$ cat run27.txt   # compact mmCIF, C-alpha atoms
# COMPACT_ATOMS: atom_id res chain seq x y z
CA MET T 1 7.54 -19.91 108.84
CA PRO T 2 10.85 -21.64 108.03
CA SER T 3 13.61 -19.39 106.67
CA SER T 4 14.64 -19.74 102.99
CA SER T 5 18.36 -19.50 103.85
CA ARG T 6 20.11 -22.67 104.75
CA SER T 7 22.72 -22.80 107.49
CA THR T 8 25.30 -25.52 107.84
CA ALA T 9 25.55 -26.94 111.35
CA PHE T 10 28.74 -28.65 112.51
CA PRO T 11 28.61 -31.49 115.02
CA ALA T 12 29.36 -30.57 118.57
CA SER T 13 32.17 -33.09 118.72
CA SER T 14 34.03 -31.45 115.81
CA ALA T 15 33.69 -27.98 117.30
CA SER T 16 34.94 -29.10 120.69
CA ALA T 17 37.91 -30.91 119.10
CA ALA T 18 38.87 -27.79 117.13
CA ALA T 19 38.61 -25.60 120.24
CA ALA T 20 40.76 -28.05 122.16
CA ALA T 21 43.45 -28.05 119.42
CA ILE T 22 43.53 -24.23 119.36
CA GLY T 23 43.91 -24.14 123.14
CA MET T 24 46.80 -26.60 123.03
CA ARG T 25 48.59 -24.50 120.36
CA GLN T 26 48.15 -21.32 122.39
CA ALA T 27 49.45 -23.06 125.49
CA ALA T 28 52.50 -24.35 123.62
CA GLY T 29 53.21 -20.95 122.06
CA THR T 30 52.71 -22.22 118.52
CA PRO T 31 51.36 -19.56 116.13
CA LEU T 32 47.87 -20.23 114.86
CA VAL T 33 48.77 -19.19 111.31
CA ARG T 34 51.68 -21.03 109.69
CA PRO T 35 54.09 -18.50 108.11
CA ILE T 36 54.58 -18.69 104.35
CA PRO T 37 58.13 -19.85 103.55
CA ALA T 38 60.32 -17.35 101.74
CA GLN T 39 60.54 -18.01 98.02
CA GLN T 40 63.96 -19.29 97.04
CA PRO T 41 65.53 -17.65 94.01
CA ALA T 42 65.45 -19.88 90.98
CA GLN T 43 68.78 -21.34 89.97
CA VAL T 44 69.87 -19.70 86.77
CA ARG T 45 71.87 -21.99 84.53
CA PRO T 46 74.93 -20.40 83.01
CA ALA T 47 74.36 -19.46 79.40
CA THR T 48 76.16 -21.54 76.81
CA PRO T 49 79.09 -19.49 75.50
CA VAL T 50 78.71 -18.45 71.90
CA ILE T 51 81.60 -19.29 69.58
CA THR T 52 82.27 -16.38 67.26
CA VAL T 53 84.58 -16.65 64.26
CA ALA T 54 85.60 -14.46 61.34
CA ALA T 55 86.44 -15.79 57.87
CA LEU T 56 88.72 -14.36 55.20
CA PHE T 57 88.68 -16.46 52.02
CA ALA T 58 90.02 -15.76 48.56
CA ASP T 59 87.91 -18.58 47.09
CA THR T 60 84.19 -17.87 46.73
CA HIS T 61 83.28 -21.55 47.26
CA LEU T 62 84.33 -21.57 50.92
CA PRO T 63 81.77 -19.15 52.52
CA PRO T 64 78.81 -21.47 51.66
CA LEU T 65 80.74 -24.39 53.15
CA LEU T 66 81.32 -22.40 56.34
CA ALA T 67 77.57 -21.71 56.47
CA SER T 68 76.93 -25.47 56.25
CA VAL T 69 79.34 -26.04 59.16
CA GLU T 70 77.49 -23.37 61.12
CA ARG T 71 74.18 -25.18 60.52
CA LEU T 72 75.80 -28.44 61.63
CA ALA T 73 76.96 -26.79 64.85
CA HIS T 74 73.45 -25.47 65.51
CA SER T 75 72.01 -28.96 64.97
CA LEU T 76 74.43 -30.23 67.63
CA GLY T 77 73.26 -27.56 70.08
CA VAL T 78 76.38 -25.38 69.74
CA PRO T 79 75.82 -21.63 69.16
CA LEU T 80 78.27 -20.73 66.41
CA THR T 81 78.21 -17.43 64.56
CA SER T 82 80.49 -16.44 61.71
CA ARG T 83 81.30 -13.15 59.99
CA THR T 84 82.94 -12.92 56.58
CA ILE T 85 85.63 -10.30 55.99
CA PRO T 86 85.51 -9.12 52.36
CA ALA T 87 88.48 -10.28 50.33
CA SER T 88 88.40 -6.93 48.52
CA LEU T 89 90.05 -5.38 51.58
CA ALA T 90 93.19 -7.34 50.78
CA ARG T 91 93.26 -6.11 47.20
CA ALA T 92 92.24 -2.50 47.69
CA GLY T 93 93.40 -1.82 51.24
CA GLN T 94 96.83 -1.00 52.53
CA VAL T 95 98.63 -4.22 53.41
CA GLY T 96 102.18 -4.86 54.50
CA ARG T 97 104.54 -2.21 55.79
CA ILE T 98 102.08 0.65 55.33
CA GLY T 99 99.21 -0.58 57.46
CA LEU T 100 96.13 -2.81 57.76
CA PRO T 101 92.48 -2.19 56.88
CA GLY T 102 90.64 -1.06 59.99
CA GLU T 103 87.57 -3.16 59.18
CA ALA T 104 89.63 -6.36 59.09
CA VAL T 105 91.41 -5.54 62.36
CA ASN T 106 88.16 -4.69 64.17
CA SER T 107 86.46 -7.87 62.94
CA LEU T 108 89.39 -9.97 64.10
CA LEU T 109 89.53 -8.41 67.57
CA GLN T 110 85.73 -8.66 68.01
CA GLN T 111 85.38 -12.28 66.88
CA GLY T 112 88.64 -13.57 68.35
CA VAL T 113 89.09 -16.35 65.75
CA LEU T 114 89.97 -16.02 62.05
CA ILE T 115 89.58 -18.85 59.52
CA SER T 116 91.46 -18.65 56.22
CA ALA T 117 92.74 -21.01 53.52
CA ASN T 118 96.34 -20.16 52.61
CA PHE T 119 98.48 -23.01 53.97
CA GLY T 120 100.59 -24.36 51.14
CA GLY T 121 99.45 -21.67 48.70
CA ASP T 122 101.07 -18.56 47.26
CA PRO T 123 102.50 -16.51 50.16
CA LEU T 124 102.48 -13.35 48.01
CA ALA T 125 98.74 -13.50 47.28
CA PRO T 126 96.78 -10.48 48.60
CA VAL T 127 94.68 -12.48 51.09
CA ALA T 128 97.74 -14.36 52.38
CA ARG T 129 99.58 -11.08 52.92
CA LEU T 130 96.63 -9.62 54.78
CA VAL T 131 96.41 -12.68 57.05
CA ARG T 132 100.12 -12.43 57.84
CA GLY T 133 99.66 -8.74 58.63
CA LEU T 134 96.85 -9.59 61.05
CA GLN T 135 99.03 -12.25 62.65
CA ARG T 136 101.80 -9.70 63.18
CA ARG T 137 99.20 -7.34 64.62
CA THR T 138 98.26 -9.90 67.30
CA ASP T 139 101.87 -11.12 67.79
CA VAL T 140 101.45 -14.79 66.89
CA VAL T 141 103.91 -16.85 68.94
CA VAL T 142 103.36 -20.50 67.93
CA ASP T 143 101.81 -22.60 65.15
CA VAL T 144 100.26 -25.98 66.01
CA ARG T 145 99.15 -28.74 63.66
CA PRO T 146 98.14 -32.35 64.48
CA MET T 147 99.40 -35.07 62.15
CA LEU T 148 97.26 -38.23 62.21
CA THR T 149 97.45 -41.23 59.90
CA LEU T 150 94.64 -41.03 57.36
CA PRO T 151 91.95 -43.70 57.92
CA GLY T 152 91.68 -46.13 55.07
CA SER T 153 95.25 -45.48 53.91
CA PRO T 154 97.74 -48.35 53.37
CA ALA T 155 99.64 -47.31 56.49
CA ALA T 156 96.49 -47.52 58.61
CA ALA T 157 95.61 -50.91 57.07
CA GLU T 158 99.02 -52.26 58.06
CA GLY T 159 98.67 -50.94 61.62
CA TRP T 160 101.24 -48.17 61.07
CA GLU T 161 99.23 -45.41 62.75
CA ARG T 162 100.89 -42.31 64.14
CA ASP T 163 99.62 -39.40 66.24
CA VAL T 164 102.02 -36.43 66.27
CA LEU T 165 101.40 -32.81 67.26
CA LEU T 166 103.65 -30.29 65.51
CA PHE T 167 104.59 -27.20 67.52
CA SER T 168 106.49 -24.44 65.72
CA HIS T 169 107.73 -21.45 67.72
CA ARG T 170 107.87 -18.30 65.60
CA THR T 171 111.04 -16.32 66.07
CA LEU T 172 110.90 -12.58 66.51
CA GLU T 173 110.56 -10.67 63.24
CA ARG T 174 112.46 -7.41 63.40
CA HIS T 175 110.89 -4.82 61.15
CA PRO T 176 113.49 -2.64 59.43
CA ALA T 177 111.30 0.48 59.73
CA VAL T 178 110.99 0.20 63.53
CA ALA T 179 113.99 1.39 65.53
CA ARG T 180 114.57 -0.95 68.46
CA SER T 181 117.52 -1.57 70.69
CA ARG T 182 119.25 -4.92 70.94
CA GLU T 183 118.32 -5.24 74.62
CA ALA T 184 114.63 -4.78 73.83
CA ASP T 185 114.78 -7.45 71.13
CA VAL T 186 116.52 -9.90 73.46
CA ALA T 187 113.98 -9.28 76.25
CA GLN T 188 111.03 -9.72 73.88
CA ALA T 189 112.52 -12.90 72.41
CA ARG T 190 112.92 -14.37 75.90
CA THR T 191 109.34 -13.51 76.77
CA ARG T 192 108.03 -15.13 73.62
CA ALA T 193 110.12 -18.25 74.21
CA ARG T 194 108.88 -18.49 77.78
CA ASP T 195 105.24 -18.17 76.69
CA ALA T 196 105.74 -20.78 73.96
CA ALA T 197 107.38 -23.19 76.41
CA GLY T 198 104.50 -22.85 78.86
CA LEU T 199 101.94 -23.53 76.15
CA ALA T 200 103.90 -26.56 74.89
CA TYR T 201 103.94 -28.20 78.30
CA ARG T 202 100.25 -27.41 78.86
CA LEU T 203 99.41 -29.20 75.62
CA CYS T 204 101.64 -32.14 76.61
CA THR T 205 99.91 -32.43 79.97
CA SER T 206 96.36 -32.10 78.66
CA GLU T 207 96.87 -34.55 75.77
CA SER T 208 99.28 -36.98 77.52
CA ARG T 209 102.13 -36.46 75.05
CA LYS T 210 105.91 -36.69 75.22
CA LEU T 211 107.95 -33.66 74.22
CA VAL T 212 110.78 -33.84 71.70
CA VAL T 213 112.72 -30.81 70.41
CA VAL T 214 114.03 -30.85 66.84
CA LEU T 215 117.18 -28.84 66.20
CA PRO T 216 117.45 -27.19 62.77
CA VAL T 217 120.50 -27.82 60.63
CA GLY T 218 122.86 -24.86 60.20
CA ARG T 219 120.45 -22.01 61.00
CA GLY T 220 118.37 -20.58 63.81
CA THR T 221 120.83 -21.70 66.44
CA ARG T 222 120.43 -18.68 68.74
CA ALA T 223 116.62 -18.71 68.63
CA GLN T 224 116.54 -22.50 69.04
CA GLN T 225 118.91 -22.32 72.00
CA GLY T 226 116.71 -19.75 73.73
CA PHE T 227 113.63 -21.92 73.10
CA VAL T 228 115.35 -25.04 74.47
CA GLU T 229 116.47 -23.16 77.59
CA ALA T 230 112.90 -21.91 78.14
CA LEU T 231 111.57 -25.48 77.82
CA GLN T 232 114.13 -26.83 80.27
CA GLN T 233 113.41 -24.04 82.75
CA GLN T 234 109.67 -24.69 82.45
CA ALA T 235 110.20 -28.40 83.10
CA ALA T 236 112.39 -27.70 86.13
CA THR T 237 109.92 -25.20 87.58
CA ALA T 238 106.86 -27.43 87.14
CA GLY T 239 108.64 -30.68 88.03
CA LEU T 240 108.01 -32.23 84.59
CA THR T 241 110.14 -34.43 82.36
CA PRO T 242 112.69 -32.37 80.40
CA PRO T 243 112.36 -32.48 76.61
CA ARG T 244 114.18 -34.97 74.46
CA ILE T 245 116.48 -33.27 71.94
CA VAL T 246 117.14 -34.74 68.48
CA LYS T 247 118.48 -33.37 65.24
CA ALA T 248 116.29 -32.85 62.21
CA GLY T 249 117.91 -35.74 60.34
CA LEU T 250 117.05 -38.23 63.10
CA LEU T 251 113.39 -37.27 63.49
CA THR T 252 112.27 -39.60 60.70
CA ALA T 253 114.07 -42.50 62.35
CA LEU T 254 112.42 -41.69 65.69
CA LEU T 255 108.93 -41.71 64.22
CA SER T 256 109.52 -44.73 61.99
CA GLY T 257 110.70 -46.96 64.82
CA GLU T 258 108.80 -48.59 67.63
CA SER T 259 108.92 -45.36 69.65
CA GLY T 260 106.83 -43.69 66.94
CA ARG T 261 103.72 -45.33 68.38
CA GLU T 262 103.92 -42.91 71.30
CA ARG T 263 102.00 -39.64 71.25
CA TRP T 264 104.70 -37.05 70.53
CA LEU T 265 104.72 -33.27 70.57
CA VAL T 266 107.43 -32.20 68.13
CA ALA T 267 108.62 -28.67 69.00
CA SER T 268 111.05 -26.58 66.98
CA VAL T 269 111.71 -23.14 65.50
CA ILE T 270 111.47 -24.65 62.02
CA PRO T 271 108.46 -23.14 60.15
CA ILE T 272 105.31 -25.19 60.29
CA ASP T 273 105.22 -25.85 56.53
CA GLU T 274 108.75 -27.27 56.49
CA LEU T 275 108.05 -29.27 59.64
CA SER T 276 104.88 -30.71 58.08
CA ALA T 277 106.77 -31.76 54.95
CA MET T 278 109.49 -33.34 57.07
CA ILE T 279 107.01 -35.33 59.19
CA GLY T 280 104.84 -36.23 56.20
CA GLU T 281 107.67 -38.24 54.65
CA SER T 282 107.64 -40.66 57.59
CA LEU T 283 103.89 -40.72 58.25
CA GLY T 284 102.61 -41.12 54.68
CA ALA T 285 99.00 -40.05 54.06
CA VAL T 286 97.73 -37.94 56.95
CA VAL T 287 94.48 -36.25 57.92
CA PRO T 288 94.36 -32.72 56.40
CA TRP T 289 94.33 -30.84 59.69
CA PRO T 290 94.45 -27.02 59.56
CA VAL T 291 97.21 -25.00 61.18
CA LEU T 292 96.22 -23.35 64.47
CA SER T 293 98.20 -20.20 65.30
CA TYR T 294 98.08 -18.68 68.78
CA GLY T 295 98.31 -14.92 69.17
CA ARG T 296 97.72 -12.44 71.96
CA GLY T 297 93.99 -11.81 71.84
CA ALA T 298 93.19 -13.89 68.74
CA SER T 299 93.84 -17.24 67.09
CA PHE T 300 94.02 -18.27 63.44
CA TYR T 301 92.97 -21.39 61.53
CA ASP T 302 94.69 -21.82 58.17
CA LEU T 303 93.20 -24.51 55.92
CA PRO T 304 95.43 -26.38 53.44
CA VAL T 305 95.18 -25.35 49.80
CA PRO T 306 93.74 -26.67 47.47
CA CYS T 307 92.44 -29.41 49.77
CA ALA T 308 90.09 -26.94 51.48
CA THR T 309 88.00 -26.38 48.35
CA GLU T 310 87.81 -30.07 47.40
CA ASP T 311 87.68 -31.85 50.76
CA PRO T 312 85.20 -30.97 53.54
CA VAL T 313 87.36 -32.58 56.22
CA PRO T 314 89.60 -29.54 57.06
CA LEU T 315 86.65 -27.23 57.72
CA LEU T 316 84.93 -29.87 59.86
CA LEU T 317 88.14 -30.35 61.83
CA VAL T 318 88.10 -26.61 62.58
CA LEU T 319 84.72 -27.18 64.25
CA VAL T 320 86.22 -30.09 66.19
CA SER T 321 89.02 -27.85 67.47
CA LEU T 322 86.60 -25.07 68.40
CA LEU T 323 84.47 -27.52 70.38
CA GLN T 324 87.53 -28.84 72.19
CA ARG T 325 88.80 -25.38 73.09
CA SER T 326 85.37 -24.12 74.22
CA GLY T 327 84.95 -26.82 76.88
CA ARG T 328 82.90 -29.33 74.86
CA GLY T 329 85.56 -32.01 74.80
CA GLU T 330 83.28 -35.04 74.76
CA LEU T 331 81.28 -33.73 71.80
CA ALA T 332 84.54 -32.86 70.03
CA GLN T 333 85.80 -36.42 70.43
CA GLN T 334 82.55 -37.84 69.06
CA LEU T 335 82.55 -35.47 66.09
CA GLN T 336 86.21 -36.19 65.30
CA ALA T 337 85.56 -39.95 65.38
CA ALA T 338 82.55 -39.50 63.06
CA VAL T 339 84.54 -37.32 60.61
CA LEU T 340 87.44 -39.78 60.47
CA MET T 341 85.05 -42.72 60.14
CA THR T 342 83.27 -41.06 57.20
CA CYS T 343 86.61 -40.11 55.64
CA GLY T 344 87.83 -43.70 55.91
CA ALA T 345 84.66 -45.04 54.27
CA ARG T 346 85.08 -42.58 51.40
CA ASN T 347 88.71 -43.56 50.88
CA ARG T 348 87.90 -47.27 50.88
CA MET T 349 85.15 -46.70 48.31
CA ALA T 350 87.51 -44.70 46.11
CA GLU T 351 90.10 -47.48 46.35
CA GLU T 352 87.55 -50.08 45.31
CA LEU T 353 86.39 -47.98 42.35
CA GLY T 354 89.94 -47.13 41.32
CA VAL T 355 89.15 -43.47 40.67
CA PRO T 356 89.21 -40.38 42.93
CA LEU T 357 85.83 -40.00 44.60
CA ARG T 358 84.59 -36.46 45.21
CA VAL T 359 81.67 -36.39 47.64
CA PRO T 360 79.53 -33.21 47.84
CA PHE T 361 79.91 -31.24 51.03
CA ASP T 362 76.28 -31.64 52.13
CA ALA T 363 76.38 -35.39 51.48
CA PHE T 364 79.59 -35.73 53.50
CA VAL T 365 78.10 -33.72 56.38
CA GLN T 366 75.02 -35.96 56.31
CA GLY T 367 77.30 -38.99 56.53
CA VAL T 368 79.07 -37.43 59.52
CA VAL T 369 75.73 -36.86 61.26
CA THR T 370 74.77 -40.47 60.56
CA ASN T 371 78.05 -41.78 61.98
CA LEU T 372 77.96 -39.47 64.98
CA GLY T 373 76.52 -42.18 67.22
CA ARG T 374 78.38 -45.05 65.57
CA ALA T 375 81.84 -44.59 66.94
CA PRO T 376 83.80 -47.75 66.13
CA PHE T 377 85.63 -47.58 69.45
CA ALA T 378 84.86 -46.66 73.02
CA PRO T 379 86.85 -43.68 74.39
CA SER T 380 89.81 -44.72 76.47
CA THR T 381 90.60 -43.37 79.91
CA ARG T 382 93.21 -41.03 78.41
CA ASP T 383 90.70 -39.67 75.89
CA ARG T 384 88.10 -39.11 78.61
CA ARG T 385 90.62 -37.19 80.72
CA ARG T 386 91.56 -35.15 77.65
CA ALA T 387 87.88 -34.40 76.98
CA GLU T 388 87.24 -33.27 80.54
CA ARG T 389 90.14 -30.82 80.79
CA ALA T 390 89.23 -28.36 78.03
CA PRO T 391 92.60 -26.61 77.72
CA GLN T 392 91.42 -23.29 76.24
CA THR T 393 88.31 -21.17 75.93
CA VAL T 394 87.02 -19.67 72.72
CA ALA T 395 83.91 -17.79 73.87
CA GLY T 396 84.13 -14.11 73.04
CA PRO T 397 87.47 -12.40 72.33
CA VAL T 398 90.09 -15.09 72.80
CA HIS T 399 93.16 -14.83 74.98
CA ASP T 400 94.61 -18.26 74.27
CA ARG T 401 96.66 -18.53 77.44
CA LEU T 402 99.28 -16.22 76.02
CA PRO T 403 99.72 -13.32 78.47
CA ALA T 404 99.57 -9.83 77.07
CA GLN T 405 102.81 -7.95 76.69
CA PRO T 406 103.38 -5.32 79.42
CA ASN T 407 103.18 -1.77 78.20
CA ARG T 408 105.98 0.76 78.42
CA ARG T 409 104.91 2.10 81.83
CA GLU T 410 104.78 -1.37 83.38
CA ARG T 411 108.21 -2.27 81.99
CA ALA T 412 109.65 0.97 83.41
CA ALA T 413 108.12 0.23 86.84
CA ARG T 414 109.59 -3.28 86.84
CA ALA T 415 113.02 -1.96 85.85
CA MET T 416 112.91 0.62 88.66
CA ALA T 417 111.92 -2.07 91.16
CA VAL T 418 114.80 -4.31 90.08
CA THR T 419 117.25 -1.37 90.27
CA ALA T 420 116.02 -0.40 93.74
CA GLY T 421 116.34 -3.99 94.93
CA CYS T 422 119.92 -4.21 93.66
CA SER T 423 120.83 -0.91 95.36
CA MET T 424 119.39 -2.05 98.69
CA ARG T 425 121.27 -5.35 98.43
CA ARG T 426 124.54 -3.55 97.76
CA SER T 427 123.99 -1.21 100.71
CA ALA T 428 123.32 -4.15 102.99
CA GLU T 429 126.48 -5.91 101.81
CA MET T 430 128.61 -2.79 102.34
CA ALA T 431 127.13 -2.30 105.81
$ encode --input "run27.txt" --output "structure tokens"
Amino acid sequence: MPSSSRSTAFPASSASAAAAAIGMRQAAGTPLVRPIPAQQPAQVRPATPVITVAALFADTHLPPLLASVERLAHSLGVPLTSRTIPASLARAGQVGRIGLPGEAVNSLLQQGVLISANFGGDPLAPVARLVRGLQRRTDVVVDVRPMLTLPGSPAAAEGWERDVLLFSHRTLERHPAVARSREADVAQARTRARDAAGLAYRLCTSESRKLVVVLPVGRGTRAQQGFVEALQQQAATAGLTPPRIVKAGLLTALLSGESGRERWLVASVIPIDELSAMIGESLGAVVPWPVLSYGRGASFYDLPVPCATEDPVPLLLVLVSLLQRSGRGELAQQLQAAVLMTCGARNRMAEELGVPLRVPFDAFVQGVVTNLGRAPFAPSTRDRRRAERAPQTVAGPVHDRLPAQPNRRERAARAMAVTAGCSMRRSAEMA
């Protein structure tokens, strides 16, 4: 009786061919079972650094605007987080010579960036005093502010466009309650001037600018002389072009002439507000850029007042600067072009209507997003190089290329090493 199970029979030719192949592999020493290749570890892409900022505003209208800027950054694929420091700390806390609120100091050191709106306002206001106390806490060395011709202004229509970067070196503030020797003050002033000179030349190199030093009239001669010597020493060490030195009265003539079309970095010990007023007379209407202050472990953005509460451009330019400093130079250039393009369209519309035109913040941001891919010009080779370099980094607690001051033990060790070296040199000369 036939079996119910079915068996599959292979042709004799196939079986003999398989046996022959196995015999050839055994003769050649090839393993019958192919080994499984080792699994390669997956390439992990580096995480996008998160930009963290803290905000300290006296005006209650600015925190919602900062939230809108944060949403804009998220729509562009940039992780931006902000934390608001209560303004009540400036009114109820201890500010000035007594001390600083611990909550404000901790927030600043954790976020690394502080945004405020006090430039051009009352310096004796509580929030302004607290911001200055935080800047002294982090030893702010320089203040930087770009000065660009405002799009849509008469100067831009006539082709009188200027691009100037103001660089103000803060002199050492000697607190009357702190007992310090003259030698310690001189050493600290030299260190600050050397750090400021290095940062000035780094900005000149990364942005393809020429350096000019403005001498103040009748004051600040010793601090200015130390700053000029530090710049000249930095240029000689790095093999760069030494700075051009002019007096404050001749700066307007320099920028008003044909040489004003160059990209200048104007460095001085003159305060940034006085330097802005001096440059503004020769440039006319300019873009309301915030002031960027570099400290040791933190940086500060100070928006102009009252322009910050009425114009969305300064807060958007803070985002442009953060993108540039965090390594997203190409996106920063595109966003800056879109902001200036939208600002120019608003100014032209206001000129046609003959009345000041106040555009809501959300509507202006929507216009910026619309113009983001409509840049009226292609980036030049210089702008592409500037976008690729990414001078600073903002992710996490910021150390904006200003080295930390050595502590007392390190200074003592360096002094002992210098003394020992001098003693050995004297012994060798006597021998």
$ closest_residue --input "run27.txt" --among "T:Glu229, T:Glu274, T:Glu103, T:Glu262" --to "Glu207 in chain T" --atoms "all atoms listed in the file"
T:Glu262
$ closest_atom_pairs --input "run27.txt" --of "range 43-88 of chain T" --to "range 354-362 of chain T" --cutoff "12 Å" --atoms "all atoms listed in the file" --output "CSV"
residue,atom,partner,partner_atom,distance
T:His61,CA,T:Phe361,CA,10.9
T:Leu62,CA,T:Phe361,CA,10.6
T:Pro64,CA,T:Phe361,CA,9.9
T:Leu65,CA,T:Phe361,CA,7.2
T:Leu66,CA,T:Phe361,CA,10.4
T:Ala67,CA,T:Asp362,CA,10.9
T:Ser68,CA,T:Asp362,CA,7.4
T:Val69,CA,T:Asp362,CA,9.5
T:Arg71,CA,T:Asp362,CA,10.8
T:Leu72,CA,T:Asp362,CA,10.0
$ closest_residue --input "run27.txt" --among "T:Arg182, T:Arg162, T:Arg170, T:Arg348" --to "Ser259 in chain T" --atoms "all atoms listed in the file"
T:Arg162
$ atom_distance --input "run27.txt" --atom1 "CA of Leu316 in chain T" --atom2 "CA of Arg137 in chain T"
27.1 Å
$ residues_near_point --input "run27.txt" --point "(97.8, -12.4, 69.7)" --cutoff "6 Å" --atoms "only C-alpha atoms" --output "PyMOL selection string"
chain T and resi 138-140+295-298
$ write_last_selection --input "run27.txt" --atoms "C-alpha atoms" --output "PDB file, in the coordinates of the input"
ATOM      1  CA  THR T 138      98.260  -9.900  67.300  1.00  0.00           C
ATOM      2  CA  ASP T 139     101.870 -11.120  67.790  1.00  0.00           C
ATOM      3  CA  VAL T 140     101.450 -14.790  66.890  1.00  0.00           C
ATOM      4  CA  GLY T 295      98.310 -14.920  69.170  1.00  0.00           C
ATOM      5  CA  ARG T 296      97.720 -12.440  71.960  1.00  0.00           C
ATOM      6  CA  GLY T 297      93.990 -11.810  71.840  1.00  0.00           C
ATOM      7  CA  ALA T 298      93.190 -13.890  68.740  1.00  0.00           C
TER       8      ALA T 298
END
$ closest_residue --input "run27.txt" --among "T:Val53, T:Val217, T:Ala90, T:Ile270" --to "Lys247 in chain T" --atoms "all atoms listed in the file"
T:Val217
$ atom_distance --input "run27.txt" --atom1 "CA of Thr252 in chain T" --atom2 "CA of Leu211 in chain T"
15.4 Å
$ closest_residue --input "run27.txt" --among "T:Val50, T:Val186, T:Leu203, T:Leu76" --to "Val320 in chain T" --atoms "all atoms listed in the file"
T:Leu76
$ atom_distance --input "run27.txt" --atom1 "CA of Val131 in chain T" --atom2 "CA of Ala267 in chain T"
23.4 Å
$ closest_residue --input "run27.txt" --among "T:Val142, T:Thr81, T:Leu303, T:Cys343" --to "Leu56 in chain T" --atoms "all atoms listed in the file"
T:Leu303
$ closest_residue --input "run27.txt" --among "T:Arg132, T:Ser268, T:Thr52, T:Ser206" --to "Phe119 in chain T" --atoms "all atoms listed in the file"
T:Arg132
$ residues_around --input "run27.txt" --residues "Asp59 in chain T" --least-positions-apart "5" --cutoff "10 Å" --atoms "all atoms listed in the file" --output "number ranges by chain"
T: 87, 116-117, 127, 306, 308-309
$ residues_around --input "run27.txt" --residues "Ser299 in chain T" --least-positions-apart "2" --cutoff "9 Å" --atoms "all atoms listed in the file" --output "PyMOL selection string"
chain T and resi 112-115+135+138+140+292-297+301+398-400
$ residues_around --input "run27.txt" --residues "Gln224 in chain T" --least-positions-apart "4" --cutoff "10 Å" --atoms "all atoms listed in the file" --output "list in words"
His169, Thr171, Ala193, Val213, Val214, Leu215, Pro216, Arg219, Gly220, Val228, Glu229, Ala230, Ser268, Val269 and Ile270 of chain T
